[in-house]
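Here is data_25.cif, consisting of mmCIF, C-alpha atoms:
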```cif
data_entry
#
loop_
_atom_site.label_atom_id
_atom_site.label_comp_id
_atom_site.auth_asym_id
_atom_site.auth_seq_id
_atom_site.Cartn_x
_atom_site.Cartn_y
_atom_site.Cartn_z
CA MET A 1 68.16 59.96 -89.55
CA PRO A 2 68.62 56.43 -90.88
CA LYS A 3 67.44 53.65 -88.59
CA PRO A 4 70.16 51.41 -87.13
CA PRO A 5 70.33 47.98 -88.81
CA LEU A 6 69.14 44.93 -86.89
CA THR A 7 68.63 41.28 -87.80
CA LEU A 8 65.63 39.56 -86.24
CA TYR A 9 66.00 35.78 -86.14
CA LEU A 10 62.51 34.29 -85.99
CA ALA A 11 62.43 30.81 -84.45
CA ALA A 12 60.25 28.14 -85.99
CA PRO A 13 58.28 26.35 -84.72
CA ARG A 14 56.87 28.91 -82.29
CA GLY A 15 53.48 29.92 -80.92
CA PHE A 16 50.30 27.86 -80.86
CA CYS A 17 50.56 24.09 -80.59
CA ALA A 18 47.79 21.67 -81.59
CA GLY A 19 46.51 21.32 -78.01
CA VAL A 20 46.19 25.08 -77.51
CA ASP A 21 44.56 25.55 -80.92
CA ARG A 22 42.03 22.82 -80.07
CA ALA A 23 41.26 24.28 -76.63
CA ILE A 24 40.55 27.76 -78.04
CA LYS A 25 38.34 26.25 -80.79
CA ILE A 26 36.42 24.35 -78.11
CA VAL A 27 35.49 27.59 -76.33
CA GLU A 28 34.58 29.33 -79.60
CA LEU A 29 32.44 26.39 -80.79
CA ALA A 30 30.75 26.13 -77.38
CA LEU A 31 29.81 29.82 -77.57
CA LYS A 32 28.44 29.26 -81.08
CA LYS A 33 26.47 26.16 -80.02
CA TRP A 34 25.11 27.27 -76.62
CA GLY A 35 25.46 31.05 -76.74
CA ALA A 36 26.96 33.23 -74.03
CA PRO A 37 27.83 32.87 -71.29
CA VAL A 38 29.94 29.72 -71.38
CA TYR A 39 31.99 29.10 -68.25
CA VAL A 40 35.63 28.01 -68.33
CA ARG A 41 37.31 26.51 -65.28
CA HIS A 42 40.73 28.19 -65.07
CA GLU A 43 42.29 30.09 -68.01
CA ILE A 44 41.70 27.92 -71.08
CA VAL A 45 45.39 28.48 -71.93
CA HIS A 46 47.93 30.67 -70.17
CA ASN A 47 47.80 33.81 -72.30
CA LYS A 48 46.09 37.07 -71.32
CA PHE A 49 45.49 38.17 -74.93
CA VAL A 50 43.71 34.90 -75.74
CA VAL A 51 41.69 34.90 -72.50
CA ASP A 52 40.64 38.55 -72.92
CA ASN A 53 39.56 37.87 -76.51
CA LEU A 54 37.39 34.89 -75.44
CA ARG A 55 36.00 36.88 -72.51
CA ALA A 56 34.89 39.57 -74.98
CA GLN A 57 32.97 36.84 -76.88
CA GLY A 58 31.11 35.73 -73.75
CA ALA A 59 33.40 33.26 -71.95
CA VAL A 60 33.45 33.58 -68.16
CA PHE A 61 36.63 32.35 -66.47
CA VAL A 62 36.35 30.90 -62.97
CA GLU A 63 38.58 28.85 -60.68
CA ASP A 64 35.94 26.57 -59.17
CA LEU A 65 32.80 24.73 -60.24
CA ASP A 66 30.93 26.45 -57.39
CA GLU A 67 31.19 29.68 -59.41
CA CYS A 68 29.32 28.11 -62.36
CA PRO A 69 25.52 28.11 -62.59
CA PRO A 70 24.24 24.55 -63.12
CA ASP A 71 22.29 25.48 -66.26
CA ARG A 72 25.25 26.78 -68.30
CA PRO A 73 28.00 24.75 -70.02
CA VAL A 74 31.44 24.59 -68.40
CA ILE A 75 34.74 23.85 -70.14
CA PHE A 76 37.82 22.39 -68.45
CA SER A 77 41.12 24.00 -69.45
CA ALA A 78 43.80 22.53 -71.70
CA HIS A 79 45.97 21.80 -68.65
CA GLY A 80 43.64 19.06 -67.38
CA VAL A 81 41.71 18.70 -64.12
CA PRO A 82 41.63 16.22 -61.24
CA LYS A 83 39.14 13.36 -61.68
CA SER A 84 36.98 14.86 -58.94
CA VAL A 85 36.05 17.86 -61.15
CA PRO A 86 34.16 16.07 -63.99
CA ALA A 87 32.70 13.72 -61.36
CA GLU A 88 31.26 16.70 -59.50
CA ALA A 89 30.01 18.29 -62.75
CA ALA A 90 28.23 15.03 -63.63
CA ARG A 91 26.75 14.82 -60.14
CA ARG A 92 25.27 18.30 -60.64
CA ASP A 93 23.98 17.29 -64.10
CA MET A 94 26.02 20.05 -65.74
CA VAL A 95 26.88 20.13 -69.43
CA TYR A 96 30.68 20.06 -69.57
CA VAL A 97 33.36 19.78 -72.23
CA ASP A 98 36.89 18.64 -71.45
CA ALA A 99 39.49 20.69 -73.37
CA THR A 100 42.44 18.83 -71.81
CA CYS A 101 45.24 18.51 -74.36
CA PRO A 102 45.27 14.93 -75.68
CA LEU A 103 48.99 14.71 -74.85
CA VAL A 104 48.21 15.56 -71.22
CA SER A 105 45.40 12.99 -71.27
CA LYS A 106 47.98 10.44 -72.48
CA VAL A 107 49.96 11.07 -69.28
CA HIS A 108 46.77 10.64 -67.21
CA ILE A 109 46.13 7.26 -68.86
CA GLU A 110 49.75 6.21 -68.25
CA ALA A 111 49.44 7.06 -64.55
CA GLU A 112 46.19 5.07 -64.22
CA ARG A 113 47.72 2.08 -66.02
CA HIS A 114 50.72 1.99 -63.68
CA HIS A 115 48.46 2.46 -60.65
CA ALA A 116 46.31 -0.49 -61.78
CA ALA A 117 49.51 -2.57 -61.95
CA GLY A 118 50.23 -1.71 -58.30
CA LEU A 119 52.98 0.85 -58.92
CA GLN A 120 53.38 4.13 -57.05
CA MET A 121 53.99 7.12 -59.33
CA VAL A 122 56.73 9.74 -59.24
CA MET A 123 55.76 12.87 -61.16
CA ILE A 124 58.39 15.31 -62.40
CA GLY A 125 56.63 18.67 -62.48
CA HIS A 126 56.11 22.09 -60.94
CA ALA A 127 54.18 22.20 -57.66
CA GLY A 128 50.91 24.10 -57.96
CA HIS A 129 50.85 24.19 -61.77
CA PRO A 130 47.35 23.29 -63.08
CA GLU A 131 48.70 20.44 -65.21
CA THR A 132 50.53 18.92 -62.24
CA LEU A 133 47.44 19.26 -60.04
CA GLY A 134 45.29 17.66 -62.74
CA THR A 135 47.64 14.74 -63.30
CA MET A 136 48.20 14.03 -59.60
CA GLY A 137 44.42 14.24 -59.16
CA GLN A 138 43.89 11.22 -61.42
CA LEU A 139 45.00 8.89 -58.62
CA PRO A 140 44.14 8.56 -54.93
CA GLU A 141 45.96 10.73 -52.36
CA GLY A 142 49.54 9.57 -51.75
CA GLU A 143 49.82 7.56 -54.97
CA VAL A 144 51.77 10.30 -56.80
CA LEU A 145 55.02 11.67 -55.36
CA LEU A 146 56.12 15.03 -56.85
CA VAL A 147 59.72 15.99 -57.60
CA GLU A 148 60.83 19.31 -59.10
CA THR A 149 64.62 18.90 -59.04
CA ALA A 150 67.28 16.18 -59.00
CA GLU A 151 67.88 17.10 -55.34
CA ASP A 152 64.25 16.20 -54.55
CA VAL A 153 64.92 12.61 -55.67
CA ALA A 154 67.21 12.01 -52.66
CA ARG A 155 64.37 12.97 -50.31
CA LEU A 156 61.77 10.60 -51.78
CA THR A 157 60.25 8.03 -49.43
CA PRO A 158 58.25 5.66 -51.63
CA ARG A 159 56.06 2.90 -50.25
CA ASP A 160 58.15 0.26 -52.06
CA PRO A 161 61.32 1.36 -53.91
CA GLN A 162 60.98 -1.70 -56.18
CA ARG A 163 57.46 -0.76 -57.35
CA LEU A 164 57.77 2.67 -58.96
CA ALA A 165 57.05 4.36 -62.28
CA PHE A 166 57.57 7.99 -63.35
CA ILE A 167 55.69 10.47 -65.51
CA THR A 168 56.36 14.13 -66.29
CA GLN A 169 54.57 17.39 -66.88
CA THR A 170 54.44 17.99 -70.66
CA THR A 171 55.96 21.51 -70.63
CA LEU A 172 59.27 21.00 -68.82
CA SER A 173 62.82 21.78 -69.90
CA VAL A 174 64.04 18.76 -71.87
CA ASP A 175 67.59 19.11 -70.50
CA ASP A 176 66.58 19.67 -66.86
CA THR A 177 64.18 16.74 -66.97
CA ALA A 178 66.87 14.43 -68.35
CA GLY A 179 68.94 15.19 -65.24
CA ILE A 180 66.04 14.38 -62.91
CA VAL A 181 65.28 11.14 -64.77
CA ALA A 182 68.95 10.14 -64.46
CA ALA A 183 68.79 10.78 -60.69
CA LEU A 184 65.62 8.66 -60.42
CA GLN A 185 67.15 5.80 -62.39
CA ALA A 186 70.34 5.93 -60.33
CA ARG A 187 68.46 5.73 -57.03
CA PHE A 188 65.69 3.38 -58.21
CA PRO A 189 67.19 1.18 -60.98
CA GLY A 190 63.91 -0.69 -61.47
CA ILE A 191 61.75 2.44 -61.97
CA ILE A 192 59.55 2.25 -65.07
CA GLY A 193 59.44 5.21 -67.46
CA PRO A 194 57.06 6.12 -70.28
CA ALA A 195 57.43 4.25 -73.58
CA LYS A 196 57.64 7.66 -75.26
CA GLU A 197 58.65 10.70 -73.25
CA ASP A 198 55.87 12.78 -71.72
CA ILE A 199 57.35 16.18 -72.64
CA CYS A 200 55.23 17.07 -75.65
CA TYR A 201 56.46 17.53 -79.21
CA ALA A 202 55.65 21.26 -79.16
CA THR A 203 57.69 21.94 -76.02
CA THR A 204 60.61 19.91 -77.39
CA ASN A 205 60.46 21.59 -80.83
CA ARG A 206 60.27 25.13 -79.42
CA GLN A 207 63.22 24.51 -77.11
CA ALA A 208 65.25 23.04 -80.00
CA ALA A 209 64.41 26.10 -82.13
CA VAL A 210 65.74 28.45 -79.41
CA LYS A 211 68.97 26.41 -79.22
CA GLY A 212 69.19 26.76 -83.03
CA ILE A 213 69.13 30.57 -83.00
CA ALA A 214 71.10 31.11 -79.76
CA PRO A 215 74.57 31.18 -81.42
CA LYS A 216 73.41 33.89 -83.85
CA ILE A 217 71.94 36.39 -81.35
CA ALA A 218 72.88 38.70 -78.49
CA ALA A 219 69.36 38.86 -77.06
CA LEU A 220 66.26 36.65 -77.02
CA LEU A 221 62.65 37.73 -76.59
CA VAL A 222 60.11 35.05 -75.69
CA ILE A 223 56.51 36.14 -76.21
CA GLY A 224 54.32 34.52 -73.57
CA ALA A 225 52.59 34.88 -70.22
CA PRO A 226 54.38 34.88 -66.84
CA ASN A 227 52.24 31.88 -65.76
CA SER A 228 53.00 29.92 -68.94
CA SER A 229 55.34 27.05 -68.02
CA ASN A 230 56.51 26.35 -71.57
CA SER A 231 57.23 30.06 -72.22
CA ARG A 232 59.31 30.40 -69.05
CA ARG A 233 61.27 27.28 -69.99
CA LEU A 234 62.15 28.91 -73.36
CA VAL A 235 63.75 31.83 -71.50
CA GLU A 236 65.75 29.38 -69.38
CA VAL A 237 66.81 27.39 -72.45
CA GLY A 238 67.95 30.61 -74.16
CA ARG A 239 70.08 31.61 -71.16
CA ALA A 240 71.55 28.11 -70.85
CA ALA A 241 72.41 28.21 -74.58
CA GLY A 242 74.47 31.37 -74.09
CA CYS A 243 72.08 34.31 -74.58
CA ALA A 244 73.34 37.02 -72.27
CA TYR A 245 69.91 38.67 -72.38
CA ALA A 246 66.75 36.54 -72.54
CA GLN A 247 63.42 38.03 -71.52
CA LEU A 248 59.77 37.03 -71.36
CA VAL A 249 57.39 39.68 -72.77
CA GLN A 250 53.61 39.51 -73.04
CA ARG A 251 53.29 42.25 -75.67
CA ALA A 252 55.50 44.65 -77.65
CA ASP A 253 54.81 47.27 -74.96
CA ASP A 254 56.81 45.15 -72.49
CA ILE A 255 60.08 45.30 -74.46
CA ASP A 256 62.89 47.01 -72.55
CA TRP A 257 64.46 48.98 -75.39
CA ARG A 258 67.25 50.36 -73.19
CA ALA A 259 68.46 46.80 -72.54
CA LEU A 260 68.65 46.25 -76.31
CA GLU A 261 70.66 49.39 -77.14
CA GLY A 262 73.54 48.55 -79.46
CA VAL A 263 72.30 45.01 -80.08
CA THR A 264 72.31 44.08 -83.77
CA ALA A 265 70.95 40.50 -83.64
CA VAL A 266 67.82 39.56 -81.68
CA GLY A 267 65.98 36.24 -81.55
CA VAL A 268 62.19 36.11 -81.28
CA THR A 269 60.06 33.13 -80.36
CA ALA A 270 56.67 32.55 -78.73
CA GLY A 271 55.39 30.06 -76.19
CA ALA A 272 52.84 27.44 -77.21
CA SER A 273 49.90 29.54 -75.96
CA ALA A 274 50.93 32.84 -77.61
CA PRO A 275 49.14 33.78 -80.87
CA GLU A 276 51.07 34.82 -83.97
CA VAL A 277 49.43 38.28 -83.92
CA LEU A 278 51.62 39.09 -80.88
CA VAL A 279 54.74 38.04 -82.84
CA ASP A 280 53.67 40.38 -85.67
CA GLU A 281 53.22 43.16 -83.11
CA VAL A 282 56.78 42.68 -81.80
CA ILE A 283 58.23 42.64 -85.32
CA ALA A 284 56.36 45.89 -86.13
CA ALA A 285 57.78 47.50 -82.96
CA PHE A 286 61.32 46.61 -84.08
CA ARG A 287 60.65 47.90 -87.60
CA ALA A 288 59.55 51.26 -86.13
CA ARG A 289 63.00 51.64 -84.52
CA HIS A 290 65.36 49.71 -86.80
CA ASP A 291 66.12 48.81 -90.38
CA VAL A 292 65.09 45.19 -89.86
CA THR A 293 66.31 42.15 -91.75
CA LEU A 294 64.05 39.20 -90.93
CA GLU A 295 65.50 35.68 -90.98
CA LEU A 296 63.47 32.55 -90.33
CA VAL A 297 65.36 29.74 -88.58
CA GLU A 298 63.30 26.56 -88.87
CA SER A 299 64.31 23.47 -86.92
CA ALA A 300 61.16 21.35 -87.46
CA ARG A 301 57.76 21.37 -89.14
CA GLU A 302 54.53 20.65 -87.31
CA ASP A 303 51.36 19.35 -88.93
CA ILE A 304 49.62 17.79 -85.93
CA GLU A 305 45.92 18.55 -85.45
CA PHE A 306 43.59 17.35 -82.71
CA LYS A 307 39.83 16.97 -83.23
CA VAL A 308 37.43 18.81 -80.98
CA PRO A 309 35.08 16.65 -78.85
CA ARG A 310 32.13 15.08 -80.66
CA VAL A 311 29.57 17.04 -78.60
CA LEU A 312 30.72 20.21 -80.41
CA ARG A 313 30.56 18.59 -83.85
CA GLU A 314 26.99 17.39 -83.40
CA PRO A 315 23.84 19.54 -83.68
CA MET A 316 22.28 20.55 -80.37
CA ARG A 317 19.59 18.24 -79.02
CA GLU A 318 16.94 19.07 -76.50
CA ARG A 319 17.83 17.91 -72.98
CA GLN A 320 15.26 15.52 -71.51
#
```
Output the file's structure in the form of structure tokens.
Amino acid sequence: MPKPPLTLYLAAPRGFCAGVDRAIKIVELALKKWGAPVYVRHEIVHNKFVVDNLRAQGAVFVEDLDECPPDRPVIFSAHGVPKSVPAEAARRDMVYVDATCPLVSKVHIEAERHHAAGLQMVMIGHAGHPETLGTMGQLPEGEVLLVETAEDVARLTPRDPQRLAFITQTTLSVDDTAGIVAALQARFPGIIGPAKEDICYATTNRQAAVKGIAPKIAALLVIGAPNSSNSRRLVEVGRAAGCAYAQLVQRADDIDWRALEGVTAVGVTAGASAPEVLVDEVIAAFRARHDVTLELVESAREDIEFKVPRVLREPMRERQ
């Protein structure tokens, strides 16, 4: 029997961003430099395939420094950590490497600059997300007020409404965040915002790419992990752009084929921590069931690259 025809619209950009690529390289180079095991505080990036692959090479993933032996290197995840974590690692004389995405570090520096100028911070972000915890942990307790929605803005009780600045998590929905910023500016007209928005280029580009393919498709598959903020936002953006069916899948095995019966145009994208091999796997699964026409829909090109820390580019020296 002939396979039913189907057009797969492949969003571009998709998948790994420069910060994720750098973080994974940091773990791989640390394993090469110091040998296994190398400890990683929290998942280096939010993707099970990536984490399992690094674990197989000798990385040990933990949630707390107390789980790390003092004589082995520890790496901090791409999401960033509170200031107290590297301070504690230094106190214990541990070798540590910070894999925080440079664009997250930029937000940390912004927060510290505003704090030094006597401003209280409002952070737009998701409660409990590692990036939010890391950013809020750059300043003393009570100096960062968290809002998740425009409704939260009405409940804010700042120390001085005239002395406020705001920052955001880097992986938020561009459209949702614009609404929250508008609510902040309406309630606190003097609030200071970032010179350049905190939502990172990769998040913005991937959301724009989904909006670009949405009019062409009846269903959208986003390849990514359930705990990946930027991947979950892509699903939301797809639904908001008119996709009747938009689903997050970790692997091809997670595709609900019954939900796609009769569909002739499907969009595929991947969150910033999902490797391209998983995209290839999904395409192969569609080819096994359909006569696939593949169309690339490119909305931007990315050529950003971040250097790994110097400690991993230098030869190993004996510790005194």
>> Every residue with an atom at most 12 Å from (42.5, 25.8, -70.9) (file coordinates; all atoms listed in the file) is what I'm after, so could you write them as a PyMOL selection string?
In response: chain A and resi 19-27+39-48+50-51+54+59+61-63+74-81+97-101+104+130-131+134+228+273
> So how far away is CA of Ser105 in chain A from CA of Ile124 in chain A, in Å?
Replying inline: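 Distance reported for this atom pair: 15.9 Å.
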>> Here's the selection I'm unsure about, the PyMOL selection byres ((chain A and resi 270) around 10); applied to the file above, which residues does it give, as a PyMOL selection string?
In response: chain A and resi 10-16+206+210+221-225+230-231+234+248-250+268-269+271-276+278-279
> What lies within 10 Å of Val277 in chain A using all atoms listed in the file, ignoring chain neighbours under 4 positions off, as a PyMOL selection string?
Replying inline: chain A and resi 15+49+251+281-283
> Using the chain letters and numbers from the file, which residues does the PyMOL selection byres ((chain A and resi 118) around 12) grab, as a ChimeraX atom specification?
Replying inline: /A:111-117,119-121,139,143,159-160,162-165
> With distances taken over only C-alpha atoms, which of A:Ala89, A:Ala182, A:Leu103, A:Ala150 is nearest to Glu305 in chain A?
Replying inline: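 Smallest distance to Glu305 in chain A is found for A:Leu103.
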Any chance you could model all heavy atoms for range 165-176 of chain A and send them as a PDB file, in the coordinates of the input?
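Output file rebuild_25.pdb follows:
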```pdb
ATOM      1  N   ALA A 165      57.013   3.902 -60.885  1.00  0.00           N
ATOM      2  CA  ALA A 165      57.050   4.360 -62.280  1.00  0.00           C
ATOM      3  C   ALA A 165      57.096   5.882 -62.247  1.00  0.00           C
ATOM      4  O   ALA A 165      56.716   6.498 -61.247  1.00  0.00           O
ATOM      5  CB  ALA A 165      55.813   3.889 -63.043  1.00  0.00           C
ATOM      6  N   PHE A 166      57.564   6.516 -63.338  1.00  0.00           N
ATOM      7  CA  PHE A 166      57.570   7.990 -63.350  1.00  0.00           C
ATOM      8  C   PHE A 166      56.868   8.524 -64.595  1.00  0.00           C
ATOM      9  O   PHE A 166      56.800   7.875 -65.642  1.00  0.00           O
ATOM     10  CB  PHE A 166      58.993   8.545 -63.237  1.00  0.00           C
ATOM     11  CG  PHE A 166      59.841   8.419 -64.482  1.00  0.00           C
ATOM     12  CD1 PHE A 166      59.796   9.380 -65.483  1.00  0.00           C
ATOM     13  CD2 PHE A 166      60.709   7.342 -64.642  1.00  0.00           C
ATOM     14  CE1 PHE A 166      60.581   9.272 -66.624  1.00  0.00           C
ATOM     15  CE2 PHE A 166      61.496   7.216 -65.778  1.00  0.00           C
ATOM     16  CZ  PHE A 166      61.440   8.185 -66.778  1.00  0.00           C
ATOM     17  N   ILE A 167      56.329   9.718 -64.426  1.00  0.00           N
ATOM     18  CA  ILE A 167      55.690  10.470 -65.510  1.00  0.00           C
ATOM     19  C   ILE A 167      56.186  11.910 -65.379  1.00  0.00           C
ATOM     20  O   ILE A 167      56.787  12.274 -64.371  1.00  0.00           O
ATOM     21  CB  ILE A 167      54.137  10.444 -65.406  1.00  0.00           C
ATOM     22  CG1 ILE A 167      53.691  10.842 -63.989  1.00  0.00           C
ATOM     23  CG2 ILE A 167      53.576   9.103 -65.823  1.00  0.00           C
ATOM     24  CD1 ILE A 167      52.184  10.969 -63.814  1.00  0.00           C
ATOM     25  N   THR A 168      55.939  12.741 -66.393  1.00  0.00           N
ATOM     26  CA  THR A 168      56.360  14.130 -66.290  1.00  0.00           C
ATOM     27  C   THR A 168      55.270  15.074 -66.794  1.00  0.00           C
ATOM     28  O   THR A 168      54.405  14.695 -67.597  1.00  0.00           O
ATOM     29  CB  THR A 168      57.647  14.427 -67.118  1.00  0.00           C
ATOM     30  OG1 THR A 168      57.309  14.647 -68.484  1.00  0.00           O
ATOM     31  CG2 THR A 168      58.667  13.308 -67.030  1.00  0.00           C
ATOM     32  N   GLN A 169      55.351  16.302 -66.306  1.00  0.00           N
ATOM     33  CA  GLN A 169      54.570  17.390 -66.880  1.00  0.00           C
ATOM     34  C   GLN A 169      55.006  17.537 -68.341  1.00  0.00           C
ATOM     35  O   GLN A 169      56.173  17.272 -68.673  1.00  0.00           O
ATOM     36  CB  GLN A 169      54.883  18.665 -66.085  1.00  0.00           C
ATOM     37  CG  GLN A 169      53.978  19.848 -66.361  1.00  0.00           C
ATOM     38  CD  GLN A 169      54.329  21.039 -65.470  1.00  0.00           C
ATOM     39  OE1 GLN A 169      54.652  20.848 -64.298  1.00  0.00           O
ATOM     40  NE2 GLN A 169      54.267  22.227 -66.014  1.00  0.00           N
ATOM     41  N   THR A 170      54.115  17.974 -69.220  1.00  0.00           N
ATOM     42  CA  THR A 170      54.440  17.990 -70.660  1.00  0.00           C
ATOM     43  C   THR A 170      55.235  19.217 -71.093  1.00  0.00           C
ATOM     44  O   THR A 170      55.698  19.265 -72.231  1.00  0.00           O
ATOM     45  CB  THR A 170      53.144  17.932 -71.500  1.00  0.00           C
ATOM     46  OG1 THR A 170      52.360  19.092 -71.220  1.00  0.00           O
ATOM     47  CG2 THR A 170      52.348  16.676 -71.226  1.00  0.00           C
ATOM     48  N   THR A 171      55.376  20.221 -70.205  1.00  0.00           N
ATOM     49  CA  THR A 171      55.960  21.510 -70.630  1.00  0.00           C
ATOM     50  C   THR A 171      57.291  21.816 -69.951  1.00  0.00           C
ATOM     51  O   THR A 171      57.651  22.976 -69.801  1.00  0.00           O
ATOM     52  CB  THR A 171      54.961  22.646 -70.343  1.00  0.00           C
ATOM     53  OG1 THR A 171      54.580  22.596 -68.953  1.00  0.00           O
ATOM     54  CG2 THR A 171      53.720  22.530 -71.203  1.00  0.00           C
ATOM     55  N   LEU A 172      58.024  20.795 -69.551  1.00  0.00           N
ATOM     56  CA  LEU A 172      59.270  21.000 -68.820  1.00  0.00           C
ATOM     57  C   LEU A 172      60.459  21.240 -69.754  1.00  0.00           C
ATOM     58  O   LEU A 172      60.381  20.987 -70.956  1.00  0.00           O
ATOM     59  CB  LEU A 172      59.570  19.767 -67.955  1.00  0.00           C
ATOM     60  CG  LEU A 172      58.515  19.391 -66.913  1.00  0.00           C
ATOM     61  CD1 LEU A 172      58.943  18.125 -66.181  1.00  0.00           C
ATOM     62  CD2 LEU A 172      58.305  20.529 -65.906  1.00  0.00           C
ATOM     63  N   SER A 173      61.562  21.699 -69.167  1.00  0.00           N
ATOM     64  CA  SER A 173      62.820  21.780 -69.900  1.00  0.00           C
ATOM     65  C   SER A 173      63.303  20.362 -70.200  1.00  0.00           C
ATOM     66  O   SER A 173      63.427  19.538 -69.287  1.00  0.00           O
ATOM     67  CB  SER A 173      63.871  22.521 -69.067  1.00  0.00           C
ATOM     68  OG  SER A 173      65.170  22.187 -69.494  1.00  0.00           O
ATOM     69  N   VAL A 174      63.570  20.092 -71.464  1.00  0.00           N
ATOM     70  CA  VAL A 174      64.040  18.760 -71.870  1.00  0.00           C
ATOM     71  C   VAL A 174      65.341  18.416 -71.151  1.00  0.00           C
ATOM     72  O   VAL A 174      65.502  17.313 -70.620  1.00  0.00           O
ATOM     73  CB  VAL A 174      64.236  18.708 -73.405  1.00  0.00           C
ATOM     74  CG1 VAL A 174      64.878  17.398 -73.827  1.00  0.00           C
ATOM     75  CG2 VAL A 174      62.899  18.904 -74.124  1.00  0.00           C
ATOM     76  N   ASP A 175      66.272  19.374 -71.097  1.00  0.00           N
ATOM     77  CA  ASP A 175      67.590  19.110 -70.500  1.00  0.00           C
ATOM     78  C   ASP A 175      67.492  18.921 -68.981  1.00  0.00           C
ATOM     79  O   ASP A 175      68.094  17.995 -68.425  1.00  0.00           O
ATOM     80  CB  ASP A 175      68.556  20.246 -70.828  1.00  0.00           C
ATOM     81  CG  ASP A 175      68.844  20.337 -72.324  1.00  0.00           C
ATOM     82  OD1 ASP A 175      68.688  19.308 -73.021  1.00  0.00           O
ATOM     83  OD2 ASP A 175      69.204  21.415 -72.796  1.00  0.00           O
ATOM     84  N   ASP A 176      66.726  19.790 -68.317  1.00  0.00           N
ATOM     85  CA  ASP A 176      66.580  19.670 -66.860  1.00  0.00           C
ATOM     86  C   ASP A 176      65.921  18.344 -66.493  1.00  0.00           C
ATOM     87  O   ASP A 176      66.314  17.676 -65.528  1.00  0.00           O
ATOM     88  CB  ASP A 176      65.739  20.821 -66.293  1.00  0.00           C
ATOM     89  CG  ASP A 176      66.473  22.151 -66.344  1.00  0.00           C
ATOM     90  OD1 ASP A 176      67.687  22.149 -66.645  1.00  0.00           O
ATOM     91  OD2 ASP A 176      65.830  23.188 -66.092  1.00  0.00           O
TER      92      ASP A 176
END
```
